[in-house]
$ cat entry_36.tsv   # TSV, C-alpha atoms and all ligand atoms
chain	number	residue	atom	x	y	z
L	253	MET	CA	2.60	27.96	12.16
L	254	ALA	CA	3.93	29.72	15.25
L	255	HIS	CA	1.30	28.07	17.34
L	256	PHE	CA	2.24	24.74	15.88
L	257	TYR	CA	5.90	25.06	16.86
L	258	GLN	CA	5.00	26.43	20.25
L	259	ARG	CA	2.90	23.38	20.85
L	260	SER	CA	5.76	21.17	19.74
L	261	TRP	CA	8.07	22.95	22.13
L	262	LEU	CA	5.76	22.52	25.08
L	263	LEU	CA	5.34	18.84	24.46
L	264	GLY	CA	9.01	18.51	23.59
L	265	ALA	CA	10.04	19.99	26.89
L	266	LEU	CA	8.13	17.22	28.57
L	267	SER	CA	9.71	14.46	26.57
L	268	GLY	CA	13.34	15.32	27.10
L	269	ALA	CA	16.33	14.56	24.93
L	270	ILE	CA	14.42	13.20	21.97
L	271	SER	CA	12.54	16.42	21.43
L	272	VAL	CA	15.65	18.54	21.92
L	273	ALA	CA	17.26	16.62	19.09
L	274	VAL	CA	14.18	17.00	16.95
L	275	LEU	CA	13.77	20.71	17.49
L	276	GLY	CA	17.48	21.25	16.96
L	277	GLY	CA	17.50	19.26	13.74
L	278	ALA	CA	14.26	20.70	12.43
L	279	ALA	CA	14.06	18.08	9.65
L	280	LEU	CA	10.59	16.62	9.57
L	281	CYS	CA	11.17	12.92	9.64
L	282	GLY	CA	8.54	10.24	10.08
L	283	MET	CA	10.71	8.54	12.64
L	284	ARG	CA	10.48	11.15	15.36
L	285	TRP	CA	7.11	12.75	14.88
L	286	TRP	CA	3.55	11.86	15.48
L	287	TRP	CA	0.82	13.49	13.47
L	288	GLN	CA	-2.42	14.00	15.33
L	289	PRO	CA	-5.18	14.26	12.74
L	290	SER	CA	-7.74	15.38	15.30
L	291	THR	CA	-5.86	18.60	15.99
L	292	GLY	CA	-3.69	18.86	12.89
L	293	ALA	CA	-0.61	19.10	15.10
L	294	VAL	CA	2.69	17.38	14.46
L	295	VAL	CA	4.24	16.55	17.81
L	296	PRO	CA	7.41	14.78	18.95
L	297	ASP	CA	7.00	11.10	19.62
L	298	PRO	CA	8.04	10.68	23.26
L	299	VAL	CA	8.57	6.92	23.08
L	300	PHE	CA	10.33	6.52	19.76
L	301	ILE	CA	13.74	4.84	19.95
L	302	PRO	CA	15.33	4.45	16.52
L	303	ALA	CA	17.06	1.25	15.55
L	304	ALA	CA	20.77	1.14	14.74
L	305	GLN	CA	21.55	2.28	11.22
L	306	LEU	CA	24.45	0.68	9.34
L	307	SER	CA	26.80	2.29	6.86
L	308	PRO	CA	26.55	1.15	3.21
L	309	ASP	CA	29.59	-1.11	3.67
L	310	GLU	CA	28.12	-2.62	6.83
L	311	LEU	CA	24.80	-3.15	5.07
L	312	SER	CA	26.55	-4.97	2.21
L	313	SER	CA	28.35	-7.17	4.71
L	314	CYS	CA	25.07	-7.90	6.49
L	315	ALA	CA	23.36	-8.80	3.18
L	316	ARG	CA	26.21	-11.16	2.27
L	317	GLY	CA	25.93	-12.85	5.65
L	318	LEU	CA	22.19	-13.34	5.12
L	319	GLY	CA	22.91	-15.21	1.89
L	320	LEU	CA	19.98	-13.67	0.04
L	321	ASN	CA	19.64	-14.07	-3.68
L	322	PRO	CA	19.67	-10.70	-5.48
L	323	GLU	CA	16.33	-8.95	-5.90
L	324	LEU	CA	14.52	-9.76	-9.16
L	325	ALA	CA	13.34	-6.74	-11.12
L	326	ALA	CA	9.54	-6.61	-11.53
L	327	LEU	CA	8.95	-2.86	-11.62
L	328	ALA	CA	5.35	-1.72	-11.53
L	329	ASP	CA	3.78	0.51	-14.16
L	330	PRO	CA	4.24	4.18	-13.12
L	331	THR	CA	0.49	4.57	-12.62
L	332	ASN	CA	0.70	2.12	-9.72
L	333	PHE	CA	3.09	4.04	-7.50
L	334	GLY	CA	4.12	7.62	-6.83
L	335	GLU	CA	6.34	10.05	-4.98
L	336	ARG	CA	6.57	10.18	-1.21
L	337	GLN	CA	4.84	13.49	-0.59
L	338	ARG	CA	6.75	16.10	1.37
L	339	ARG	CA	3.84	18.49	1.94
L	340	ASP	CA	0.11	18.26	2.19
L	341	TRP	CA	-2.33	20.37	0.17
L	342	ARG	CA	-2.01	23.21	2.66
L	343	GLY	CA	1.76	23.26	2.32
L	344	ARG	CA	2.40	21.71	5.71
L	345	PRO	CA	5.36	19.30	5.92
L	346	LEU	CA	4.50	15.60	5.85
L	347	PRO	CA	6.58	12.79	7.33
L	348	HIS	CA	7.81	10.94	4.27
L	349	GLN	CA	10.83	8.84	5.15
L	350	PRO	CA	10.39	5.05	5.37
L	351	SER	CA	9.58	4.35	9.01
L	352	LEU	CA	6.89	1.63	9.09
L	353	ILE	CA	7.14	-1.90	7.66
L	354	VAL	CA	3.81	-3.46	6.66
L	355	LEU	CA	3.36	-7.16	5.90
L	356	HIS	CA	0.78	-8.39	3.38
L	357	GLU	CA	-0.17	-11.42	1.32
L	358	THR	CA	-0.99	-11.31	-2.38
L	359	VAL	CA	-4.18	-13.49	-2.39
L	360	MET	CA	-3.34	-14.19	-6.06
L	361	ASP	CA	-0.55	-16.36	-7.45
L	362	GLN	CA	2.82	-14.81	-8.13
L	363	ALA	CA	2.49	-14.34	-11.92
L	364	SER	CA	-0.96	-12.76	-11.65
L	365	THR	CA	0.24	-10.44	-8.89
L	366	LEU	CA	3.26	-9.16	-10.79
L	367	ASN	CA	1.16	-8.81	-13.93
L	368	LEU	CA	-1.40	-6.73	-12.04
L	369	PHE	CA	1.28	-4.24	-11.03
L	370	ARG	CA	2.64	-4.02	-14.58
L	371	THR	CA	-0.83	-3.19	-15.91
L	372	PRO	CA	-1.54	0.56	-16.16
L	373	HIS	CA	-4.34	1.74	-13.84
L	374	PRO	CA	-5.29	5.34	-14.64
L	375	ALA	CA	-8.10	5.41	-12.06
L	376	ASP	CA	-6.97	6.11	-8.48
L	377	ALA	CA	-9.24	3.46	-7.04
L	378	ASP	CA	-7.55	0.70	-9.08
L	379	GLN	CA	-3.95	1.59	-8.28
L	380	VAL	CA	-2.12	-0.93	-6.13
L	381	SER	CA	1.45	-2.00	-5.39
L	382	TYR	CA	3.96	-3.20	-2.79
L	383	HIS	CA	7.66	-2.50	-2.64
L	384	LEU	CA	8.53	-6.19	-2.64
L	385	VAL	CA	6.79	-9.51	-3.29
L	386	ILE	CA	8.27	-12.69	-1.80
L	387	GLY	CA	7.56	-15.88	-3.72
L	388	PRO	CA	7.16	-19.40	-2.31
L	389	ASN	CA	10.83	-20.17	-2.98
L	390	GLY	CA	11.97	-17.03	-1.15
L	391	ASP	CA	12.74	-14.97	-4.25
L	392	ARG	CA	12.29	-11.24	-3.69
L	393	HIS	CA	10.63	-9.39	-6.56
L	394	ARG	CA	11.26	-5.64	-6.58
L	395	VAL	CA	8.05	-3.86	-7.60
L	396	VAL	CA	8.54	-0.29	-6.29
L	397	PRO	CA	11.80	1.40	-5.21
L	398	ASP	CA	12.03	2.13	-1.48
L	399	ALA	CA	12.28	5.84	-2.27
L	400	ASN	CA	8.82	5.83	-3.85
L	401	ARG	CA	5.37	5.58	-2.35
L	402	ALA	CA	3.69	2.21	-2.95
L	403	TYR	CA	-0.10	1.96	-2.78
L	404	GLY	CA	-0.34	-0.89	-0.30
L	405	ALA	CA	-2.78	0.38	2.32
L	406	GLY	CA	-5.44	2.85	1.20
L	407	GLN	CA	-7.40	3.72	4.30
L	408	SER	CA	-5.04	3.01	7.16
L	409	ALA	CA	-3.56	4.19	10.45
L	410	PHE	CA	-0.83	2.98	12.78
L	411	GLY	CA	-2.40	3.42	16.18
L	412	ASP	CA	-3.79	6.97	15.95
L	413	PHE	CA	-1.19	8.00	13.39
L	414	THR	CA	-2.23	8.61	9.81
L	415	LEU	CA	-1.48	11.11	7.06
L	416	GLN	CA	-3.92	13.12	5.00
L	417	ALA	CA	-2.20	14.44	1.88
L	418	LYS	CA	-5.30	15.93	0.27
L	419	PRO	CA	-8.78	16.89	1.54
L	420	SER	CA	-10.44	13.90	-0.11
L	421	SER	CA	-8.09	11.42	1.55
L	422	ARG	CA	-9.38	9.41	4.48
L	423	GLY	CA	-5.88	9.02	5.82
L	424	SER	CA	-3.19	6.51	4.93
L	425	VAL	CA	0.25	5.44	6.15
L	426	ASN	CA	1.54	4.84	2.61
L	427	ASN	CA	3.73	7.95	2.73
L	428	ILE	CA	5.96	6.43	5.43
L	429	ALA	CA	5.45	2.72	4.70
L	430	LEU	CA	7.54	-0.04	3.21
L	431	HIS	CA	5.14	-2.72	1.96
L	432	VAL	CA	6.21	-6.36	1.56
L	433	SER	CA	3.83	-9.09	0.44
L	434	LEU	CA	4.01	-12.88	0.66
L	435	VAL	CA	2.60	-14.88	-2.24
L	436	THR	CA	-0.49	-16.66	-0.94
L	437	PRO	CA	-0.48	-20.50	-0.97
L	438	ALA	CA	-2.66	-22.18	-3.60
L	439	ASP	CA	-5.29	-23.18	-1.04
L	440	GLY	CA	-5.70	-19.60	0.16
L	441	ARG	CA	-6.39	-17.94	-3.17
L	442	GLY	CA	-9.66	-16.73	-4.57
L	443	ALA	CA	-12.78	-15.29	-3.07
L	444	ASP	CA	-13.73	-18.24	-0.87
L	445	THR	CA	-10.85	-19.23	1.33
L	446	SER	CA	-12.87	-20.56	4.23
L	447	ASP	CA	-11.55	-24.08	3.74
L	448	GLY	CA	-7.89	-23.45	3.37
L	449	HIS	CA	-4.87	-21.23	3.68
L	450	SER	CA	-2.01	-23.43	4.75
L	451	GLY	CA	0.35	-20.52	5.45
L	452	TYR	CA	3.76	-19.61	4.10
L	453	THR	CA	6.92	-21.57	3.30
L	454	PRO	CA	10.07	-21.60	5.45
L	455	GLU	CA	11.84	-19.90	2.52
L	456	GLN	CA	9.30	-17.05	2.67
L	457	TYR	CA	9.78	-16.58	6.42
L	458	ARG	CA	13.56	-16.63	5.96
L	459	ALA	CA	13.53	-14.07	3.13
L	460	LEU	CA	10.98	-11.89	4.92
L	461	ALA	CA	12.97	-11.85	8.18
L	462	SER	CA	16.15	-10.98	6.28
L	463	GLN	CA	14.41	-8.21	4.36
L	464	VAL	CA	12.88	-6.74	7.51
L	465	LEU	CA	16.30	-6.75	9.16
L	466	LEU	CA	17.93	-5.03	6.18
L	467	TRP	CA	15.23	-2.35	6.11
L	468	GLN	CA	15.57	-1.81	9.86
L	469	HIS	CA	19.31	-1.30	9.56
L	470	ARG	CA	19.00	0.87	6.45
L	471	TYR	CA	16.36	3.25	7.82
L	472	GLY	CA	16.63	2.85	11.59
L	473	ILE	CA	13.18	1.28	11.97
L	474	PRO	CA	12.61	-0.46	15.32
L	475	MET	CA	10.67	-3.72	15.59
L	476	SER	CA	7.86	-1.81	17.28
L	477	ARG	CA	7.10	-0.44	13.79
L	478	VAL	CA	6.84	-3.75	11.97
L	479	THR	CA	3.15	-4.51	11.54
L	480	SER	CA	0.54	-6.17	9.34
L	481	HIS	CA	-2.04	-4.82	6.91
L	482	ALA	CA	-4.71	-6.32	9.15
L	483	ALA	CA	-3.48	-4.21	12.08
L	484	ILE	CA	-3.37	-0.88	10.24
L	485	ASP	CA	-6.42	-1.25	7.97
L	486	ARG	CA	-9.23	1.19	8.68
L	487	SER	CA	-11.53	0.12	5.82
L	488	HIS	CA	-12.57	-2.96	7.84
L	489	SER	CA	-11.98	-5.17	4.81
L	490	ARG	CA	-8.35	-6.34	5.02
L	491	TYR	CA	-7.16	-9.23	7.11
L	492	ASP	CA	-3.80	-10.07	5.61
L	493	PRO	CA	-1.44	-11.74	5.87
L	494	ARG	CA	-3.82	-14.51	6.96
L	495	SER	CA	-2.34	-17.55	8.70
L	496	PHE	CA	0.82	-15.56	9.42
L	497	ARG	CA	2.80	-17.00	12.33
L	498	TRP	CA	4.77	-14.43	14.24
L	499	ASP	CA	6.53	-17.22	16.18
L	500	ARG	CA	7.94	-18.57	12.91
L	501	PHE	CA	8.93	-15.07	11.86
L	502	ASP	CA	10.66	-14.57	15.22
L	503	GLN	CA	12.69	-17.77	14.80
L	504	ALA	CA	13.76	-16.78	11.31
L	505	TYR	CA	14.51	-13.26	12.50
L	506	ALA	CA	16.71	-14.48	15.36
L	507	LYS	CA	18.78	-16.51	12.87
L	508	ALA	CA	18.96	-13.55	10.48
L	509	VAL	CA	20.31	-11.30	13.24
L	510	VAL	CA	23.16	-13.77	13.85
L	511	SER	CA	23.87	-14.19	10.11
L	512	CYS	CA	23.94	-10.43	9.59
L	513	GLY	CA	26.71	-10.11	12.16
L	514	ALA	CA	25.47	-6.76	13.50
L	515	SER	CA	23.82	-6.07	16.83
L	516	PRO	CA	20.03	-6.57	16.99
L	517	PRO	CA	18.57	-3.38	15.51
L	518	GLY	CA	15.91	-2.55	18.05
L	519	ARG	CA	13.21	-3.67	20.40
L	520	THR	CA	11.94	-7.08	19.49
L	521	HIS	CA	9.07	-7.33	21.94
L	522	TRP	CA	6.80	-4.49	20.88
L	523	ARG	CA	4.39	-5.38	18.21
L	601	ZN	ZN	-2.61	-6.13	2.24
$ encode --input "entry_36.tsv" --output "structure tokens" --more "lines below"
Ligand SMILES: [Zn+2]
Amino acid sequence: MAHFYQRSWLLGALSGAISVAVLGGAALCGMRWWWQPSTGAVVPDPVFIPAAQLSPDELSSCARGLGLNPELAALADPTNFGERQRRDWRGRPLPHQPSLIVLHETVMDQASTLNLFRTPHPADADQVSYHLVIGPNGDRHRVVPDANRAYGAGQSAFGDFTLQAKPSSRGSVNNIALHVSLVTPADGRGADTSDGHSGYTPEQYRALASQVLLWQHRYGIPMSRVTSHAAIDRSHSRYDPRSFRWDRFDQAYAKAVVSCGASPPGRTHWR
């Protein structure tokens, strides 16, 4: 452990004010640390710049300005989500605060998706969930509370960052992720989608951009940590959300920032 902190200090000294704040605060937070699985070291992230966080009142004001309908309750069966783990099997602290937003698509229709999450899945391999599902009309279905760990990306890494909570794990970002999934259009569902996938509705882009903005302001997540399942997947089997248009997201996001009434929360050009 001593070696571990000494290493942090050496690297921290190189990276200036950020690491001073981290070492002074001592709270292990996913926002300001990078875990290096190759060495087992947790080190300060020298480039991390948190987004602006709003007070609860400011967040409420922002949400009103966005004009979102309230979330619809669609809570998953408890077998399909869990606790954000604070320590690994060796007792070492794990980053666990929401600090990465991951976009998905459902591949199934909305009713089948929500039903899948409500169905108990005792076997680890079958467990699956997102925090939110956004339907074609822009409705937001709450599946897993933000405070819990959703099972959205099994084998995954953000760049070279991943977390291994137990020896059998291949590494996943679920412990720090917020997962949001867009309901797939009818022509993109099923096993063979080679002919279709017409993309997502304007209402989905609008609701998604608003939700991303709210999460950024709630947890201080910069745009550089908004990503897709396709980008973080390490099983070489996930490509979602297919047909996603970042330019359409950006347009909706720019409008959401104005409607929210707060300053833009963070870098918008790193992705
Ligand atoms: Zn996915």
$ residues_near_ligand --input "entry_36.tsv" --ligand "ligand ZN 601 (chain L)" --cutoff "6 Å" --atoms "only C-alpha atoms and all ligand atoms" --output "CSV table (one decimal) with C-alpha atoms, in the frame of the given file"
chain,number,residue,atom,x,y,z
L,356,HIS,CA,0.8,-8.4,3.4
L,357,GLU,CA,-0.2,-11.4,1.3
L,481,HIS,CA,-2.0,-4.8,6.9
L,492,ASP,CA,-3.8,-10.1,5.6
$ closest_atom_pairs --input "entry_36.tsv" --of "stretch 393-505 of chain L" --to "stretch 326-333 of chain L" --cutoff "10 Å" --atoms "only C-alpha atoms" --output "tab-separated table"
residue	atom	partner	partner_atom	distance
L:His393	CA	L:Ala326	CA	5.8
L:Arg394	CA	L:Ala326	CA	5.3
L:Val395	CA	L:Leu327	CA	4.2
L:Val396	CA	L:Leu327	CA	5.9
L:Pro397	CA	L:Leu327	CA	8.2
L:Asn400	CA	L:Phe333	CA	7.0
L:Arg401	CA	L:Phe333	CA	5.8
L:Ala402	CA	L:Phe333	CA	4.9
L:Tyr403	CA	L:Phe333	CA	6.1
L:Gly404	CA	L:Phe333	CA	9.4
$ write_last_selection --input "entry_36.tsv" --atoms "C-alpha atoms" --output "short mmCIF file (atom, residue, chain, number, x, y, z; two decimals), in the frame of the given file"
data_model
loop_
_atom_site.label_atom_id
_atom_site.label_comp_id
_atom_site.auth_asym_id
_atom_site.auth_seq_id
_atom_site.Cartn_x
_atom_site.Cartn_y
_atom_site.Cartn_z
CA HIS L 393 10.63 -9.39 -6.56
CA ARG L 394 11.26 -5.64 -6.58
CA VAL L 395 8.05 -3.86 -7.60
CA VAL L 396 8.54 -0.29 -6.29
CA PRO L 397 11.80 1.40 -5.21
CA ASN L 400 8.82 5.83 -3.85
CA ARG L 401 5.37 5.58 -2.35
CA ALA L 402 3.69 2.21 -2.95
CA TYR L 403 -0.10 1.96 -2.78
CA GLY L 404 -0.34 -0.89 -0.30
#
$ closest_residue --input "entry_36.tsv" --among "L:His431, L:Leu352, L:Gly451, L:Ala399" --to "L:Val380" --atoms "all atoms listed in the file"
L:His431
$ closest_residue --input "entry_36.tsv" --among "L:Asp361, L:Arg497, L:Val464, L:Glu310" --to "L:Gly440" --atoms "all atoms listed in the file"
L:Asp361
$ closest_residue --input "entry_36.tsv" --among "L:Arg344, L:Thr371, L:Ser381, L:Gly513" --to "L:His469" --atoms "all atoms listed in the file"
L:Gly513
$ atom_distance --input "entry_36.tsv" --atom1 "atom CA of L:Phe501" --atom2 "atom CA of L:Asn321"
18.9 Å
$ residues_around --input "entry_36.tsv" --residues "L:Gly406" --least-positions-apart "4" --cutoff "9 Å" --atoms "all atoms listed in the file" --output "ChimeraX atom specification"
/L:380,421-426,485-487
$ closest_residue --input "entry_36.tsv" --among "L:Arg494, L:His373, L:His383, L:Lys418" --to "L:Gln337" --atoms "only C-alpha atoms"
L:Lys418
$ atom_distance --input "entry_36.tsv" --atom1 "atom CA of L:Ser364" --atom2 "atom CA of L:Gln349"
29.8 Å
$ residues_near_point --input "entry_36.tsv" --point "(-0.6, -17.4, 2.8)" --cutoff "10 Å" --atoms "only C-alpha atoms" --output "PDB file with C-alpha atoms, in the coordinates of the input"
ATOM      1  CA  HIS L 356       0.780  -8.390   3.380  1.00  0.00           C
ATOM      2  CA  GLU L 357      -0.170 -11.420   1.320  1.00  0.00           C
ATOM      3  CA  THR L 358      -0.990 -11.310  -2.380  1.00  0.00           C
ATOM      4  CA  VAL L 359      -4.180 -13.490  -2.390  1.00  0.00           C
ATOM      5  CA  MET L 360      -3.340 -14.190  -6.060  1.00  0.00           C
ATOM      6  CA  PRO L 388       7.160 -19.400  -2.310  1.00  0.00           C
ATOM      7  CA  SER L 433       3.830  -9.090   0.440  1.00  0.00           C
ATOM      8  CA  LEU L 434       4.010 -12.880   0.660  1.00  0.00           C
ATOM      9  CA  VAL L 435       2.600 -14.880  -2.240  1.00  0.00           C
ATOM     10  CA  THR L 436      -0.490 -16.660  -0.940  1.00  0.00           C
ATOM     11  CA  PRO L 437      -0.480 -20.500  -0.970  1.00  0.00           C
ATOM     12  CA  ALA L 438      -2.660 -22.180  -3.600  1.00  0.00           C
ATOM     13  CA  ASP L 439      -5.290 -23.180  -1.040  1.00  0.00           C
ATOM     14  CA  GLY L 440      -5.700 -19.600   0.160  1.00  0.00           C
ATOM     15  CA  ARG L 441      -6.390 -17.940  -3.170  1.00  0.00           C
ATOM     16  CA  GLY L 448      -7.890 -23.450   3.370  1.00  0.00           C
ATOM     17  CA  HIS L 449      -4.870 -21.230   3.680  1.00  0.00           C
ATOM     18  CA  SER L 450      -2.010 -23.430   4.750  1.00  0.00           C
ATOM     19  CA  GLY L 451       0.350 -20.520   5.450  1.00  0.00           C
ATOM     20  CA  TYR L 452       3.760 -19.610   4.100  1.00  0.00           C
ATOM     21  CA  THR L 453       6.920 -21.570   3.300  1.00  0.00           C
ATOM     22  CA  GLN L 456       9.300 -17.050   2.670  1.00  0.00           C
ATOM     23  CA  ASP L 492      -3.800 -10.070   5.610  1.00  0.00           C
ATOM     24  CA  PRO L 493      -1.440 -11.740   5.870  1.00  0.00           C
ATOM     25  CA  ARG L 494      -3.820 -14.510   6.960  1.00  0.00           C
ATOM     26  CA  SER L 495      -2.340 -17.550   8.700  1.00  0.00           C
ATOM     27  CA  PHE L 496       0.820 -15.560   9.420  1.00  0.00           C
TER      28      PHE L 496
END
$ atom_distance --input "entry_36.tsv" --atom1 "atom CA of L:Pro454" --atom2 "atom CA of L:Leu368"
25.7 Å
$ closest_residue --input "entry_36.tsv" --among "L:Ser511, L:Ala377, L:Pro350, L:Ile386" --to "L:Gln362" --atoms "only C-alpha atoms"
L:Ile386
$ closest_residue --input "entry_36.tsv" --among "L:Gln407, L:Gln463, L:Gln379, L:Asn367" --to "L:Asp391" --atoms "all atoms listed in the file"
L:Gln463
$ residues_around --input "entry_36.tsv" --residues "L:Arg477" --least-positions-apart "2" --cutoff "7 Å" --atoms "only C-alpha atoms" --output "VMD selection string"
chain L and resid 352 to 353 473 to 475 479
$ residues_near_point --input "entry_36.tsv" --point "(7.8, 18.2, 6.6)" --cutoff "6 Å" --atoms "all atoms listed in the file" --output "PDB file with C-alpha atoms, in the frame of the given file"
ATOM      1  CA  LEU L 280      10.590  16.620   9.570  1.00  0.00           C
ATOM      2  CA  ARG L 338       6.750  16.100   1.370  1.00  0.00           C
ATOM      3  CA  PRO L 345       5.360  19.300   5.920  1.00  0.00           C
ATOM      4  CA  LEU L 346       4.500  15.600   5.850  1.00  0.00           C
ATOM      5  CA  PRO L 347       6.580  12.790   7.330  1.00  0.00           C
TER       6      PRO L 347
END
$ residues_around --input "entry_36.tsv" --residues "L:Asp309" --least-positions-apart "6" --cutoff "12 Å" --atoms "all atoms listed in the file" --output "VMD selection string"
chain L and resid 315 to 316 469 to 470
$ residues_around --input "entry_36.tsv" --residues "L:Gly472" --least-positions-apart "2" --cutoff "8 Å" --atoms "only C-alpha atoms" --output "PDB file with C-alpha atoms, in the coordinates of the input"
ATOM      1  CA  PRO L 302      15.330   4.450  16.520  1.00  0.00           C
ATOM      2  CA  ALA L 303      17.060   1.250  15.550  1.00  0.00           C
ATOM      3  CA  ALA L 304      20.770   1.140  14.740  1.00  0.00           C
ATOM      4  CA  GLN L 305      21.550   2.280  11.220  1.00  0.00           C
ATOM      5  CA  SER L 351       9.580   4.350   9.010  1.00  0.00           C
ATOM      6  CA  TRP L 467      15.230  -2.350   6.110  1.00  0.00           C
ATOM      7  CA  GLN L 468      15.570  -1.810   9.860  1.00  0.00           C
ATOM      8  CA  HIS L 469      19.310  -1.300   9.560  1.00  0.00           C
ATOM      9  CA  ARG L 470      19.000   0.870   6.450  1.00  0.00           C
ATOM     10  CA  PRO L 474      12.610  -0.460  15.320  1.00  0.00           C
ATOM     11  CA  PRO L 517      18.570  -3.380  15.510  1.00  0.00           C
TER      12      PRO L 517
END
$ build_atoms --input "entry_36.tsv" --residues "stretch 334-347 of chain L" --atoms "N, CA and C atoms" --output "PDB file, in the coordinates of the input"
ATOM      1  N   GLY L 334       3.921   6.177  -6.705  1.00  0.00           N
ATOM      2  CA  GLY L 334       4.120   7.620  -6.830  1.00  0.00           C
ATOM      3  C   GLY L 334       5.272   8.117  -5.997  1.00  0.00           C
ATOM      4  N   GLU L 335       5.305   9.419  -5.803  1.00  0.00           N
ATOM      5  CA  GLU L 335       6.340  10.050  -4.980  1.00  0.00           C
ATOM      6  C   GLU L 335       5.908  10.039  -3.522  1.00  0.00           C
ATOM      7  N   ARG L 336       6.872   9.934  -2.626  1.00  0.00           N
ATOM      8  CA  ARG L 336       6.570  10.180  -1.210  1.00  0.00           C
ATOM      9  C   ARG L 336       6.363  11.687  -1.067  1.00  0.00           C
ATOM     10  N   GLN L 337       5.202  12.076  -0.592  1.00  0.00           N
ATOM     11  CA  GLN L 337       4.840  13.490  -0.590  1.00  0.00           C
ATOM     12  C   GLN L 337       5.439  14.222   0.596  1.00  0.00           C
ATOM     13  N   ARG L 338       6.066  15.341   0.317  1.00  0.00           N
ATOM     14  CA  ARG L 338       6.750  16.100   1.370  1.00  0.00           C
ATOM     15  C   ARG L 338       5.854  17.134   2.035  1.00  0.00           C
ATOM     16  N   ARG L 339       4.769  17.504   1.359  1.00  0.00           N
ATOM     17  CA  ARG L 339       3.840  18.490   1.940  1.00  0.00           C
ATOM     18  C   ARG L 339       2.412  18.113   1.612  1.00  0.00           C
ATOM     19  N   ASP L 340       1.513  18.518   2.482  1.00  0.00           N
ATOM     20  CA  ASP L 340       0.110  18.260   2.190  1.00  0.00           C
ATOM     21  C   ASP L 340      -0.447  19.407   1.345  1.00  0.00           C
ATOM     22  N   TRP L 341      -1.752  19.377   1.087  1.00  0.00           N
ATOM     23  CA  TRP L 341      -2.330  20.370   0.170  1.00  0.00           C
ATOM     24  C   TRP L 341      -2.306  21.776   0.741  1.00  0.00           C
ATOM     25  N   ARG L 342      -2.092  21.884   2.064  1.00  0.00           N
ATOM     26  CA  ARG L 342      -2.010  23.210   2.660  1.00  0.00           C
ATOM     27  C   ARG L 342      -0.558  23.699   2.775  1.00  0.00           C
ATOM     28  N   GLY L 343       0.358  22.872   2.277  1.00  0.00           N
ATOM     29  CA  GLY L 343       1.760  23.260   2.320  1.00  0.00           C
ATOM     30  C   GLY L 343       2.464  22.874   3.607  1.00  0.00           C
ATOM     31  N   ARG L 344       1.769  22.112   4.454  1.00  0.00           N
ATOM     32  CA  ARG L 344       2.400  21.710   5.710  1.00  0.00           C
ATOM     33  C   ARG L 344       3.291  20.493   5.470  1.00  0.00           C
ATOM     34  N   PRO L 345       4.454  20.435   6.133  1.00  0.00           N
ATOM     35  CA  PRO L 345       5.360  19.300   5.920  1.00  0.00           C
ATOM     36  C   PRO L 345       4.700  17.982   6.317  1.00  0.00           C
ATOM     37  N   LEU L 346       4.993  16.949   5.558  1.00  0.00           N
ATOM     38  CA  LEU L 346       4.500  15.600   5.850  1.00  0.00           C
ATOM     39  C   LEU L 346       5.672  14.686   6.146  1.00  0.00           C
ATOM     40  N   PRO L 347       5.588  13.857   7.186  1.00  0.00           N
ATOM     41  CA  PRO L 347       6.580  12.790   7.330  1.00  0.00           C
ATOM     42  C   PRO L 347       6.585  11.945   6.061  1.00  0.00           C
TER      43      PRO L 347
END
